[in-house]
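S.K.: Please find upload_2.cif (mmCIF, C-alpha atoms) on the next line:
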```
data_run
#
loop_
_atom_site.label_atom_id
_atom_site.label_comp_id
_atom_site.auth_asym_id
_atom_site.auth_seq_id
_atom_site.Cartn_x
_atom_site.Cartn_y
_atom_site.Cartn_z
CA MET A 1 6.37 12.17 -15.30
CA THR A 2 8.13 11.82 -11.94
CA ALA A 3 5.56 11.26 -9.24
CA PHE A 4 5.74 11.42 -5.45
CA SER A 5 9.43 12.38 -5.51
CA LEU A 6 10.63 8.88 -6.27
CA GLU A 7 14.38 8.44 -5.98
CA PRO A 8 16.42 8.05 -9.19
CA ALA A 9 17.18 4.45 -8.23
CA GLN A 10 13.45 3.71 -7.89
CA LEU A 11 12.70 5.29 -11.25
CA ALA A 12 15.48 3.26 -12.88
CA TRP A 13 14.19 0.07 -11.28
CA CYS A 14 10.67 0.75 -12.57
CA ALA A 15 12.03 1.28 -16.07
CA GLU A 16 13.96 -1.98 -15.81
CA LEU A 17 10.83 -3.82 -14.70
CA ARG A 18 8.79 -2.41 -17.57
CA ALA A 19 11.46 -3.62 -20.00
CA LEU A 20 11.59 -7.08 -18.38
CA ALA A 21 7.82 -7.33 -18.55
CA ALA A 22 7.74 -6.52 -22.24
CA GLU A 23 10.80 -8.45 -23.36
CA ARG A 24 11.07 -11.53 -21.12
CA LEU A 25 7.75 -12.04 -19.38
CA ARG A 26 5.26 -11.16 -22.12
CA PRO A 27 6.51 -14.00 -24.45
CA LEU A 28 6.07 -16.53 -21.62
CA ALA A 29 2.63 -15.16 -20.83
CA GLU A 30 1.55 -15.55 -24.44
CA LYS A 31 2.47 -19.24 -24.32
CA GLY A 32 0.27 -19.84 -21.28
CA GLU A 33 -3.18 -21.36 -21.37
CA PRO A 34 -5.95 -18.96 -20.25
CA GLY A 35 -7.55 -20.02 -16.99
CA HIS A 36 -4.56 -22.09 -15.85
CA VAL A 37 -1.47 -21.37 -13.77
CA ASN A 38 1.45 -20.50 -16.02
CA ARG A 39 4.22 -22.23 -14.09
CA ALA A 40 6.90 -21.22 -16.58
CA LEU A 41 6.00 -17.58 -15.99
CA VAL A 42 6.00 -18.04 -12.20
CA ALA A 43 9.39 -19.75 -12.39
CA GLU A 44 10.82 -16.87 -14.43
CA LEU A 45 9.58 -14.38 -11.84
CA GLY A 46 11.49 -16.48 -9.32
CA ARG A 47 14.66 -16.54 -11.42
CA LEU A 48 14.53 -12.77 -11.77
CA GLY A 49 14.39 -12.44 -7.97
CA LEU A 50 11.04 -10.67 -8.01
CA LEU A 51 9.16 -13.25 -5.92
CA GLU A 52 11.78 -13.11 -3.17
CA ARG A 53 11.27 -9.35 -3.01
CA LEU A 54 7.68 -9.99 -1.93
CA PHE A 55 9.11 -10.90 1.48
CA THR A 56 11.81 -8.25 1.72
CA SER A 57 10.12 -5.17 0.28
CA GLY A 58 7.77 -2.67 1.85
CA ALA A 59 4.38 -1.67 0.53
CA LEU A 60 5.75 1.07 -1.72
CA ASP A 61 8.18 -1.30 -3.43
CA LEU A 62 5.33 -3.78 -3.89
CA CYS A 63 3.32 -1.05 -5.59
CA LEU A 64 6.24 -0.10 -7.85
CA MET A 65 6.66 -3.73 -8.87
CA ARG A 66 2.99 -4.26 -9.60
CA GLU A 67 2.53 -1.00 -11.50
CA SER A 68 5.64 -1.53 -13.63
CA LEU A 69 4.89 -5.15 -14.49
CA ALA A 70 1.24 -4.36 -15.27
CA HIS A 71 2.33 -1.78 -17.83
CA GLY A 72 3.98 -4.45 -19.96
CA CYS A 73 2.45 -7.78 -18.91
CA THR A 74 -0.65 -8.04 -16.76
CA GLU A 75 -0.28 -11.82 -16.50
CA ALA A 76 3.18 -11.46 -14.94
CA GLU A 77 1.89 -8.81 -12.55
CA THR A 78 -0.97 -11.02 -11.45
CA ALA A 79 1.20 -14.11 -11.08
CA LEU A 80 3.53 -12.15 -8.79
CA ALA A 81 0.66 -10.64 -6.80
CA LEU A 82 -1.06 -13.97 -6.24
CA GLN A 83 2.14 -15.52 -4.92
CA GLY A 84 2.37 -12.65 -2.47
CA LEU A 85 -1.27 -12.73 -1.44
CA GLY A 86 -1.27 -16.47 -0.81
CA ALA A 87 2.06 -16.58 0.98
CA HIS A 88 2.02 -13.32 2.97
CA PRO A 89 0.03 -14.85 5.86
CA VAL A 90 2.73 -17.54 6.12
CA HIS A 91 5.46 -14.91 6.00
CA ALA A 92 3.78 -12.69 8.60
CA HIS A 93 2.14 -15.25 10.91
CA GLY A 94 3.65 -18.65 10.15
CA THR A 95 5.74 -20.76 12.48
CA GLY A 96 9.41 -21.33 11.81
CA SER A 97 8.72 -24.73 10.27
CA GLN A 98 5.90 -23.40 8.08
CA ARG A 99 8.06 -20.59 6.80
CA ALA A 100 11.05 -22.86 6.20
CA ARG A 101 8.97 -25.38 4.28
CA TRP A 102 7.02 -23.05 1.97
CA LEU A 103 8.53 -19.59 1.58
CA PRO A 104 11.81 -20.53 -0.17
CA ARG A 105 9.83 -22.47 -2.78
CA VAL A 106 7.36 -19.64 -3.25
CA ALA A 107 10.31 -17.29 -3.72
CA ASP A 108 12.00 -19.43 -6.37
CA GLY A 109 8.76 -20.03 -8.24
CA THR A 110 8.57 -23.79 -7.77
CA VAL A 111 5.48 -23.69 -5.54
CA VAL A 112 2.23 -21.82 -6.25
CA ALA A 113 0.30 -20.21 -3.37
CA ALA A 114 -3.35 -19.14 -3.06
CA PHE A 115 -5.46 -17.03 -0.69
CA ALA A 116 -8.78 -18.79 -0.01
CA LEU A 117 -11.19 -16.35 1.64
CA SER A 118 -14.28 -15.89 -0.58
CA GLU A 119 -17.28 -18.22 -0.49
CA PRO A 120 -20.53 -18.39 -2.47
CA GLY A 121 -22.34 -16.57 0.34
CA ALA A 122 -19.42 -14.60 1.78
CA GLY A 123 -17.65 -12.46 -0.77
CA SER A 124 -17.79 -8.83 0.30
CA ASP A 125 -19.02 -9.86 3.77
CA ALA A 126 -15.88 -11.75 4.75
CA ALA A 127 -17.00 -12.12 8.36
CA ALA A 128 -19.94 -14.29 7.20
CA LEU A 129 -17.75 -17.30 6.39
CA THR A 130 -19.45 -20.68 6.67
CA LEU A 131 -16.60 -23.09 5.89
CA ARG A 132 -16.58 -25.02 9.17
CA ALA A 133 -13.56 -26.23 11.08
CA LYS A 134 -15.19 -28.91 13.24
CA PRO A 135 -13.19 -30.21 16.22
CA ASP A 136 -11.71 -33.66 15.65
CA GLY A 137 -9.83 -34.26 18.87
CA PRO A 138 -7.28 -32.14 20.74
CA ALA A 139 -5.90 -29.40 18.45
CA ARG A 140 -7.38 -31.08 15.38
CA TRP A 141 -10.21 -30.06 13.03
CA ARG A 142 -11.99 -31.16 9.87
CA LEU A 143 -12.72 -28.50 7.24
CA THR A 144 -16.08 -28.86 5.52
CA GLY A 145 -17.59 -26.45 3.01
CA GLU A 146 -16.73 -24.53 -0.14
CA LYS A 147 -14.55 -21.68 -1.31
CA ARG A 148 -15.23 -19.91 -4.60
CA TRP A 149 -13.54 -17.37 -6.88
CA ILE A 150 -10.14 -18.34 -5.53
CA SER A 151 -7.24 -17.21 -7.71
CA ASN A 152 -4.79 -20.02 -8.62
CA ALA A 153 -7.39 -22.64 -7.60
CA PRO A 154 -7.53 -25.53 -8.11
CA GLU A 155 -3.89 -25.69 -9.29
CA ALA A 156 -2.07 -24.13 -6.32
CA ASP A 157 0.28 -26.20 -4.18
CA PHE A 158 -1.02 -24.78 -0.90
CA TYR A 159 -3.85 -22.54 0.27
CA THR A 160 -4.21 -20.04 3.07
CA VAL A 161 -7.74 -21.02 4.09
CA PHE A 162 -10.03 -19.08 6.40
CA ALA A 163 -12.55 -21.22 8.28
CA ARG A 164 -15.05 -20.78 11.08
CA THR A 165 -13.87 -22.32 14.36
CA ALA A 166 -16.43 -20.59 16.61
CA PRO A 167 -20.06 -20.62 15.44
CA ASP A 168 -22.06 -17.39 15.65
CA ALA A 169 -18.96 -15.38 16.57
CA GLY A 170 -18.67 -13.30 13.41
CA ALA A 171 -15.18 -12.03 12.70
CA ARG A 172 -13.96 -13.25 16.10
CA GLY A 173 -14.55 -16.91 15.28
CA VAL A 174 -12.39 -17.32 12.16
CA THR A 175 -9.08 -19.19 11.99
CA ALA A 176 -6.49 -19.19 9.20
CA PHE A 177 -5.02 -22.55 8.18
CA LEU A 178 -2.17 -23.43 5.85
CA VAL A 179 -3.59 -26.32 3.80
CA PRO A 180 -1.39 -28.22 1.32
CA ALA A 181 -3.24 -29.12 -1.88
CA ASP A 182 -2.69 -32.85 -1.41
CA ARG A 183 -4.71 -33.08 1.81
CA PRO A 184 -7.37 -35.82 1.57
CA GLY A 185 -10.84 -34.48 0.94
CA LEU A 186 -9.69 -31.31 -0.87
CA THR A 187 -10.84 -31.06 -4.49
CA GLY A 188 -11.51 -28.22 -6.87
CA THR A 189 -12.65 -27.10 -10.29
CA GLY A 190 -11.73 -24.19 -12.54
CA LEU A 191 -14.21 -21.42 -13.30
CA ASP A 192 -14.61 -19.85 -16.74
CA MET A 193 -14.16 -16.16 -15.97
CA LEU A 194 -13.92 -12.95 -18.01
CA SER A 195 -10.24 -12.43 -17.18
CA PRO A 196 -7.63 -14.96 -18.36
CA HIS A 197 -6.29 -15.73 -14.90
CA PRO A 198 -6.69 -19.07 -13.09
CA ILE A 199 -9.72 -18.83 -10.80
CA GLY A 200 -11.60 -21.76 -9.30
CA ALA A 201 -13.76 -23.29 -6.61
CA LEU A 202 -12.56 -25.56 -3.78
CA ASP A 203 -14.57 -28.27 -2.02
CA PHE A 204 -13.57 -29.35 1.50
CA ASP A 205 -14.92 -32.74 2.51
CA ALA A 206 -13.72 -33.23 6.09
CA VAL A 207 -10.18 -32.08 5.21
CA PRO A 208 -7.93 -32.74 8.22
CA VAL A 209 -5.92 -29.88 9.77
CA THR A 210 -4.03 -29.60 13.04
CA ALA A 211 -2.59 -26.94 15.32
CA GLY A 212 0.55 -27.15 13.19
CA ASP A 213 -1.42 -25.73 10.26
CA VAL A 214 -2.80 -22.69 12.12
CA LEU A 215 -1.62 -19.23 11.07
CA GLY A 216 -1.79 -16.46 13.65
CA GLY A 217 -3.69 -18.28 16.38
CA VAL A 218 -7.07 -19.98 16.76
CA ASP A 219 -10.02 -17.60 16.28
CA ARG A 220 -7.62 -14.86 15.15
CA GLY A 221 -7.79 -15.51 11.44
CA PHE A 222 -9.81 -12.44 10.56
CA ARG A 223 -6.89 -10.27 11.67
CA VAL A 224 -4.65 -12.32 9.40
CA ALA A 225 -6.99 -11.73 6.47
CA MET A 226 -7.46 -8.01 7.09
CA GLY A 227 -3.76 -7.43 7.70
CA THR A 228 -2.97 -9.09 4.39
CA LEU A 229 -5.62 -7.07 2.56
CA ASN A 230 -4.43 -3.78 4.10
CA LEU A 231 -1.01 -4.46 2.58
CA PHE A 232 -2.26 -5.61 -0.81
CA ARG A 233 -5.13 -3.14 -1.36
CA PRO A 234 -2.86 -0.20 -2.28
CA SER A 235 -0.94 -2.50 -4.63
CA VAL A 236 -4.19 -3.55 -6.32
CA GLY A 237 -4.43 0.16 -6.99
CA ALA A 238 -0.90 0.06 -8.39
CA PHE A 239 -1.92 -2.75 -10.74
CA ALA A 240 -4.81 -0.56 -11.90
CA VAL A 241 -2.51 2.44 -12.39
CA GLY A 242 -0.18 0.31 -14.52
CA MET A 243 -3.07 -0.72 -16.75
CA ALA A 244 -4.31 2.87 -16.97
CA ARG A 245 -0.85 4.08 -17.95
CA ALA A 246 -0.58 1.40 -20.65
CA ALA A 247 -3.98 2.46 -22.04
CA LEU A 248 -2.98 6.13 -21.91
CA ASP A 249 0.32 5.49 -23.70
CA ALA A 250 -1.47 3.52 -26.42
CA THR A 251 -3.98 6.34 -26.81
CA LEU A 252 -1.31 9.02 -27.08
CA ALA A 253 0.41 7.07 -29.86
CA HIS A 254 -2.85 6.33 -31.66
CA THR A 255 -4.30 9.84 -31.55
CA ALA A 256 -0.98 11.41 -32.57
CA GLY A 257 -0.71 9.20 -35.66
CA ARG A 258 -4.30 8.66 -36.74
CA ASP A 259 -5.54 10.77 -39.65
CA ALA A 260 -9.10 12.02 -39.31
CA PHE A 261 -11.14 14.98 -40.60
CA GLY A 262 -8.20 16.53 -42.43
CA GLY A 263 -5.72 16.32 -39.56
CA LYS A 264 -4.68 14.15 -36.66
CA LEU A 265 -7.07 12.92 -33.99
CA LYS A 266 -5.10 14.79 -31.34
CA ASP A 267 -5.93 18.06 -33.08
CA LEU A 268 -9.62 17.64 -32.25
CA GLN A 269 -10.37 19.38 -28.96
CA ALA A 270 -12.93 16.73 -28.03
CA VAL A 271 -10.16 14.13 -28.25
CA SER A 272 -7.31 16.07 -26.65
CA HIS A 273 -9.45 17.02 -23.67
CA GLN A 274 -10.36 13.37 -23.08
CA VAL A 275 -6.68 12.41 -23.22
CA ALA A 276 -5.87 15.17 -20.73
CA GLU A 277 -8.58 13.86 -18.40
CA MET A 278 -7.18 10.32 -18.68
CA ALA A 279 -3.73 11.59 -17.70
CA LEU A 280 -5.08 13.72 -14.85
CA ARG A 281 -7.01 10.87 -13.26
CA THR A 282 -4.17 8.38 -13.72
CA GLU A 283 -1.65 10.66 -12.00
CA ALA A 284 -4.05 11.41 -9.14
CA ALA A 285 -4.60 7.70 -8.60
CA ARG A 286 -0.88 6.99 -8.67
CA LEU A 287 -0.20 9.63 -6.02
CA MET A 288 -2.90 8.26 -3.73
CA VAL A 289 -1.56 4.72 -4.14
CA TYR A 290 1.98 5.81 -3.29
CA ALA A 291 0.73 7.81 -0.30
CA ALA A 292 -1.19 4.81 1.06
CA ALA A 293 1.81 2.52 0.61
CA THR A 294 4.12 5.01 2.30
CA ALA A 295 1.68 5.28 5.22
CA TYR A 296 1.69 1.48 5.54
CA ASP A 297 5.49 1.39 5.58
CA ALA A 298 5.55 4.13 8.24
CA GLY A 299 3.07 2.27 10.46
CA ALA A 300 0.54 5.11 10.28
CA PRO A 301 -2.74 4.58 12.17
CA ASP A 302 -4.96 5.48 9.21
CA VAL A 303 -3.77 2.71 6.89
CA PRO A 304 -7.21 1.03 6.51
CA GLN A 305 -8.74 4.29 5.32
CA ARG A 306 -5.83 5.17 3.04
CA ALA A 307 -5.67 1.66 1.58
CA ALA A 308 -9.39 1.69 0.85
CA MET A 309 -9.18 5.14 -0.74
CA ALA A 310 -6.23 4.11 -2.91
CA LYS A 311 -7.85 0.92 -4.16
CA LEU A 312 -11.17 2.62 -4.78
CA LEU A 313 -9.81 5.61 -6.69
CA ALA A 314 -7.25 3.66 -8.73
CA THR A 315 -9.53 0.82 -9.82
CA GLU A 316 -12.39 3.15 -10.74
CA THR A 317 -9.91 5.39 -12.58
CA ALA A 318 -8.46 2.49 -14.55
CA GLN A 319 -11.95 1.45 -15.63
CA TYR A 320 -12.60 4.98 -16.92
CA VAL A 321 -9.22 5.30 -18.65
CA VAL A 322 -9.37 1.94 -20.41
CA ASP A 323 -12.97 2.52 -21.49
CA THR A 324 -12.09 5.96 -22.87
CA ALA A 325 -9.06 4.52 -24.66
CA VAL A 326 -11.28 1.94 -26.34
CA GLN A 327 -13.68 4.70 -27.43
CA LEU A 328 -10.88 6.78 -28.95
CA HIS A 329 -9.39 3.78 -30.76
CA GLY A 330 -12.70 2.68 -32.20
CA ALA A 331 -13.48 -0.82 -33.48
CA ARG A 332 -9.84 -1.90 -33.71
CA ALA A 333 -9.66 -1.91 -29.89
CA LEU A 334 -12.41 -4.52 -29.72
CA GLN A 335 -10.57 -7.05 -31.88
CA ARG A 336 -9.20 -10.09 -30.09
CA GLY A 337 -5.50 -9.69 -29.47
CA HIS A 338 -5.48 -5.90 -29.29
CA LEU A 339 -3.88 -4.48 -26.14
CA LEU A 340 -7.04 -2.61 -25.21
CA GLU A 341 -9.26 -5.66 -25.74
CA HIS A 342 -6.99 -7.43 -23.27
CA LEU A 343 -7.02 -4.55 -20.79
CA TYR A 344 -10.79 -4.18 -21.10
CA ARG A 345 -11.21 -7.75 -19.82
CA GLU A 346 -8.52 -7.30 -17.17
CA VAL A 347 -9.65 -3.99 -15.72
CA ARG A 348 -13.11 -5.01 -14.52
CA ALA A 349 -12.20 -7.53 -11.83
CA PRO A 350 -10.09 -5.26 -9.54
CA ARG A 351 -13.21 -3.24 -8.73
CA VAL A 352 -14.64 -6.43 -7.19
CA TYR A 353 -11.87 -8.51 -5.62
CA GLU A 354 -10.12 -7.80 -2.31
CA GLY A 355 -13.13 -5.71 -1.34
CA ALA A 356 -15.55 -4.31 -3.92
CA SER A 357 -15.76 -0.56 -4.49
CA GLU A 358 -18.85 -0.41 -2.29
CA VAL A 359 -16.96 -2.13 0.53
CA GLN A 360 -14.13 0.39 0.21
CA ARG A 361 -16.60 3.26 0.55
CA GLY A 362 -17.98 1.61 3.66
CA ILE A 363 -14.50 1.29 5.16
CA ILE A 364 -13.71 4.91 4.41
CA ALA A 365 -16.93 6.14 6.00
CA LYS A 366 -16.46 3.91 9.06
CA GLU A 367 -12.93 5.21 9.60
CA LEU A 368 -14.03 8.82 9.15
CA TYR A 369 -16.79 8.54 11.74
CA ALA A 370 -14.58 6.65 14.17
CA HIS A 371 -12.04 9.46 13.92
CA GLN A 372 -14.80 12.03 14.46
CA GLU A 373 -16.03 10.27 17.59
CA ALA A 374 -12.50 10.02 18.98
CA ARG A 375 -12.01 13.80 18.90
#
```
Reformat the file's structure so that it appears as structure tokens.

M.R.:
Amino acid sequence: MTAFSLEPAQLAWCAELRALAAERLRPLAEKGEPGHVNRALVAELGRLGLLERLFTSGALDLCLMRESLAHGCTEAETALALQGLGAHPVHAHGTGSQRARWLPRVADGTVVAAFALSEPGAGSDAAALTLRAKPDGPARWRLTGEKRWISNAPEADFYTVFARTAPDAGARGVTAFLVPADRPGLTGTGLDMLSPHPIGALDFDAVPVTAGDVLGGVDRGFRVAMGTLNLFRPSVGAFAVGMARAALDATLAHTAGRDAFGGKLKDLQAVSHQVAEMALRTEAARLMVYAAATAYDAGAPDVPQRAAMAKLLATETAQYVVDTAVQLHGARALQRGHLLEHLYREVRAPRVYEGASEVQRGIIAKELYAHQEAR
């Protein structure tokens, strides 16, 4: 189904990405160790030129990449997305020397990036960060505290770290720092999570940083974080749409071929109506994701609202579609190694990270009322 009037070249590119994901990236993903960075997979994304496109593409192209890769290999999609999330603040706000040192190696897949925002007491409430950047002389600080649920930690080569430089200042007192992984005092541990991706905790014991590590200006880090999330939230939705489409395709094949009650599963109205609902919701989510990405690329003023709507609808839709697919497949879908068993573990986290569903509803309502008051 052609959605959102995509150009023939875009449709062909998406088909090419789906094939690459299934034929070249999936075998590398299967050789990886769950919970650890798959550097061979990251390097292959670099060789294919996909990581470089993170810095040359708009939001819509990012969504097309993430959706297409997710259809055939969720690990490849996530590896690409995490490189973009961790490195985008450097691309958008870094100095010339920061960009020259890190971005070419992110693009070729030889360096792994990470976005370190969440803390044990500051997940959804990102403005409540407690990781302290304590002054240590002119234009120097020491980072002390903890980050948790950080993708690619503790194996990344550098982290975009958000720390509090002004106590009791809320969102206005946060600074973004580019912190190489070999800085003294920085340690970390992996966390055993439901999804197979590398996720860990970081401990900062007076980690030294200087003005040369700042991204976007002192006390202006919250803007760096929110700007990054506004770009990546629609593409989280694209990831979800890719998983939903993979679950739908598997369900179409299964219900068309499965014998039951003297016919095929698809001949049962209770089944065919559920499949129709899966397709309806998936297409609606895709359209909202593409609309949000297009608004971002056009510099529209309502991007925060659109991004929140796209992430919310797409991630909730994917949860429904994958769950329904499991129900229609029956016990076979719960067996380790089945596509739907894999997707069932993958689909839950996007409703939490980069702003939980409840946070997205709050953003939407805030934007709606702000628009009402401005009339």

S.K.: For the structure shown, which residues end up in the PyMOL selection byres ((chain A and resi 283) around 10)? Put them as a list in words, please?

M.R.: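 Those residues are Met1, Thr2, Ala3, Phe4, Val241, Ala244, Arg245, Glu277, Met278, Ala279, Leu280, Arg281, Thr282, Ala284, Ala285, Arg286, Leu287, Met288, Val289, Ala314 and Thr317 of chain A.
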
S.K.: Show me, as a VMD selection string, the residues that have an atom within 8 Å of Leu186 in chain A when counting all atoms listed in the file, minus same-chain residues fewer than 3 positions from it.

M.R.: chain A and resid 181 to 183 202 to 205 207

S.K.: Go ahead and write the selection's residues with C-alpha atoms as a PDB file, keeping the file's coordinate frame.

M.R.:
```pdb
ATOM      1  CA  ALA A 181      -3.240 -29.120  -1.880  1.00  0.00           C
ATOM      2  CA  ASP A 182      -2.690 -32.850  -1.410  1.00  0.00           C
ATOM      3  CA  ARG A 183      -4.710 -33.080   1.810  1.00  0.00           C
ATOM      4  CA  LEU A 202     -12.560 -25.560  -3.780  1.00  0.00           C
ATOM      5  CA  ASP A 203     -14.570 -28.270  -2.020  1.00  0.00           C
ATOM      6  CA  PHE A 204     -13.570 -29.350   1.500  1.00  0.00           C
ATOM      7  CA  ASP A 205     -14.920 -32.740   2.510  1.00  0.00           C
ATOM      8  CA  VAL A 207     -10.180 -32.080   5.210  1.00  0.00           C
TER       9      VAL A 207
END
```

S.K.: So which residues get picked by the PyMOL selection byres ((chain A and resi 200) around 6) here, written as a PyMOL selection string?

M.R.: chain A and resi 149-150+153-154+189-191+199+201

S.K.: With all atoms listed in the file as the counted atoms, please give the residues lying no more than 10 Å from range 272-276 of chain A, apart from itself and same-chain residues fewer than 4 positions off, as a PDB file with C-alpha atoms, in the coordinates of the input.

M.R.:
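And here's result.pdb as it stands now:
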```
ATOM      1  CA  LEU A 248      -2.980   6.130 -21.910  1.00  0.00           C
ATOM      2  CA  ASP A 249       0.320   5.490 -23.700  1.00  0.00           C
ATOM      3  CA  THR A 251      -3.980   6.340 -26.810  1.00  0.00           C
ATOM      4  CA  LEU A 252      -1.310   9.020 -27.080  1.00  0.00           C
ATOM      5  CA  THR A 255      -4.300   9.840 -31.550  1.00  0.00           C
ATOM      6  CA  ALA A 256      -0.980  11.410 -32.570  1.00  0.00           C
ATOM      7  CA  LEU A 265      -7.070  12.920 -33.990  1.00  0.00           C
ATOM      8  CA  LYS A 266      -5.100  14.790 -31.340  1.00  0.00           C
ATOM      9  CA  ASP A 267      -5.930  18.060 -33.080  1.00  0.00           C
ATOM     10  CA  LEU A 268      -9.620  17.640 -32.250  1.00  0.00           C
ATOM     11  CA  LEU A 280      -5.080  13.720 -14.850  1.00  0.00           C
ATOM     12  CA  ARG A 281      -7.010  10.870 -13.260  1.00  0.00           C
ATOM     13  CA  THR A 282      -4.170   8.380 -13.720  1.00  0.00           C
ATOM     14  CA  VAL A 321      -9.220   5.300 -18.650  1.00  0.00           C
ATOM     15  CA  THR A 324     -12.090   5.960 -22.870  1.00  0.00           C
ATOM     16  CA  ALA A 325      -9.060   4.520 -24.660  1.00  0.00           C
ATOM     17  CA  LEU A 328     -10.880   6.780 -28.950  1.00  0.00           C
TER      18      LEU A 328
END
```

S.K.: Pick from A:Arg53, A:Arg258, A:His329, A:Lys147: nearest to Ala81 in chain A, with all atoms listed in the file counted?

M.R.: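 Looking at the shortest contact to Ala81 in chain A, the residue is A:Arg53.
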
S.K.: Using only C-alpha atoms, which residue out of A:Ala307, A:Ala12, A:Ala246, A:Ala133 lies closest to Leu231 in chain A?

M.R.: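 Of A:Ala307, A:Ala12, A:Ala246, A:Ala133, the one nearest Leu231 in chain A, counting only C-alpha atoms, is A:Ala307.
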
S.K.: Assuming the chain letters and numbering stay as they are in my file, what does the PyMOL selection byres ((chain A and resi 194) around 9) actually select? List them as an mmCIF file with C-alpha atoms, in the frame of the given file.

M.R.:
```cif
data_model
loop_
_atom_site.group_PDB
_atom_site.id
_atom_site.type_symbol
_atom_site.label_atom_id
_atom_site.label_comp_id
_atom_site.auth_asym_id
_atom_site.auth_seq_id
_atom_site.Cartn_x
_atom_site.Cartn_y
_atom_site.Cartn_z
ATOM 1 C CA ASP A 192 -14.610 -19.850 -16.740
ATOM 2 C CA MET A 193 -14.160 -16.160 -15.970
ATOM 3 C CA SER A 195 -10.240 -12.430 -17.180
ATOM 4 C CA PRO A 196 -7.630 -14.960 -18.360
ATOM 5 C CA HIS A 197 -6.290 -15.730 -14.900
ATOM 6 C CA ARG A 345 -11.210 -7.750 -19.820
ATOM 7 C CA GLU A 346 -8.520 -7.300 -17.170
ATOM 8 C CA ARG A 348 -13.110 -5.010 -14.520
ATOM 9 C CA ALA A 349 -12.200 -7.530 -11.830
#
```

S.K.: Between CA of Gly330 in chain A and CA of Met243 in chain A, measure the distance and give it in Å to one decimal.

M.R.: 18.5 Å

S.K.: Closest to Ser357 in chain A among A:Glu316, A:Glu75, A:Asp219, A:Glu373, using all atoms listed in the file?

M.R.: A:Glu316

S.K.: Give the answer as one residue: which of A:Ala122, A:Ala100, A:Ala43, A:Val37 has the shortest atom-to-atom distance to Ala156 in chain A, using all atoms listed in the file?

M.R.: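 Using all atoms listed in the file, the shortest distance to Ala156 in chain A belongs to A:Val37.
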
S.K.: Could you work out how far CA of Pro301 in chain A lies from CA of Gln372 in chain A, giving the answer in Å with one decimal?

M.R.: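 Computing it gives 14.4 Å between the two atoms.
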
S.K.: Using all atoms listed in the file, which protein or nucleic acid residues come within 8 Å of Ala139 in chain A? Drop anything in the same chain fewer than 3 positions from it, and give the result as a VMD selection string.

M.R.: chain A and resid 135 to 136 210 to 211

S.K.: In the coordinate frame of the file, compute which residues have an atom within 12 Å of (9.2, -3.0, 1.4) when using only C-alpha atoms, and state them as a PyMOL selection string.

M.R.: chain A and resi 52-65+231-232+235+293-298

S.K.: Nearest residue to Thr110 in chain A out of A:Thr78, A:Asn38, A:Ser68, A:Gln98, using all atoms listed in the file?

M.R.: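 Closest residue, counting all atoms listed in the file: A:Asn38.
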
S.K.: Just how far from CA of Leu229 in chain A is CA of Arg99 in chain A, in Å to one decimal?

M.R.: 19.7 Å

S.K.: List the spatial neighbours of Leu25 in chain A as a PyMOL selection string - criterion: any atom at most 7 Å away, all atoms listed in the file, same-chain residues fewer than 4 positions off excluded.

M.R.: chain A and resi 20-21+29+41+73+76

S.K.: Return the single residue from A:Glu341, A:Glu354, A:Glu23, A:Glu44 that is closest to Ser118 in chain A, with distances computed using all atoms listed in the file.

M.R.: A:Glu354

S.K.: With a distance cut-off of 10 Å and only C-alpha atoms, select the neighbouring residues of Asp108 in chain A, excluding the residue or stretch itself and same-chain residues fewer than 2 positions from it, and output the selection as a list of chain:residue names.

M.R.: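 Within the cut-off, the hits are A:Val42, A:Ala43, A:Glu44, A:Leu45, A:Gly46, A:Arg47, A:Leu48, A:Gly49, A:Leu50, A:Leu51, A:Glu52, A:Leu103, A:Pro104, A:Arg105, A:Val106, A:Thr110, A:Val111.
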
S.K.: Please give the centre and size of the box around range 112-123 of chain A (axis-aligned, containing every atom listed in the file, 8 Å added per side), with values in Å to one decimal and written as JSON.

M.R.:
```
{"center_x": -10.1, "center_y": -17.1, "center_z": -2.2, "size_x": 40.6, "size_y": 25.4, "size_z": 24.0}
```

S.K.: Within 12 Å of range 91-94 of chain A, which residues of range 131-186 of chain A come that close, and what is the closest atom pair and distance in Å for each? Count all atoms listed in the file and give it as JSON lines.

M.R.:
```
{"residue": "A:Thr160", "atom": "CA", "partner": "A:Gly94", "partner_atom": "CA", "distance": 10.7}
{"residue": "A:Thr175", "atom": "CA", "partner": "A:His93", "partner_atom": "CA", "distance": 11.9}
{"residue": "A:Ala176", "atom": "CA", "partner": "A:His93", "partner_atom": "CA", "distance": 9.6}
{"residue": "A:Phe177", "atom": "CA", "partner": "A:Gly94", "partner_atom": "CA", "distance": 9.7}
{"residue": "A:Leu178", "atom": "CA", "partner": "A:Gly94", "partner_atom": "CA", "distance": 8.7}
```

S.K.: Restricting it to C-alpha atoms, dump the selection as a tab-separated table (two decimals), keeping the file's coordinate frame.

M.R.:
```tsv
chain	number	residue	atom	x	y	z
A	160	THR	CA	-4.21	-20.04	3.07
A	175	THR	CA	-9.08	-19.19	11.99
A	176	ALA	CA	-6.49	-19.19	9.20
A	177	PHE	CA	-5.02	-22.55	8.18
A	178	LEU	CA	-2.17	-23.43	5.85
```
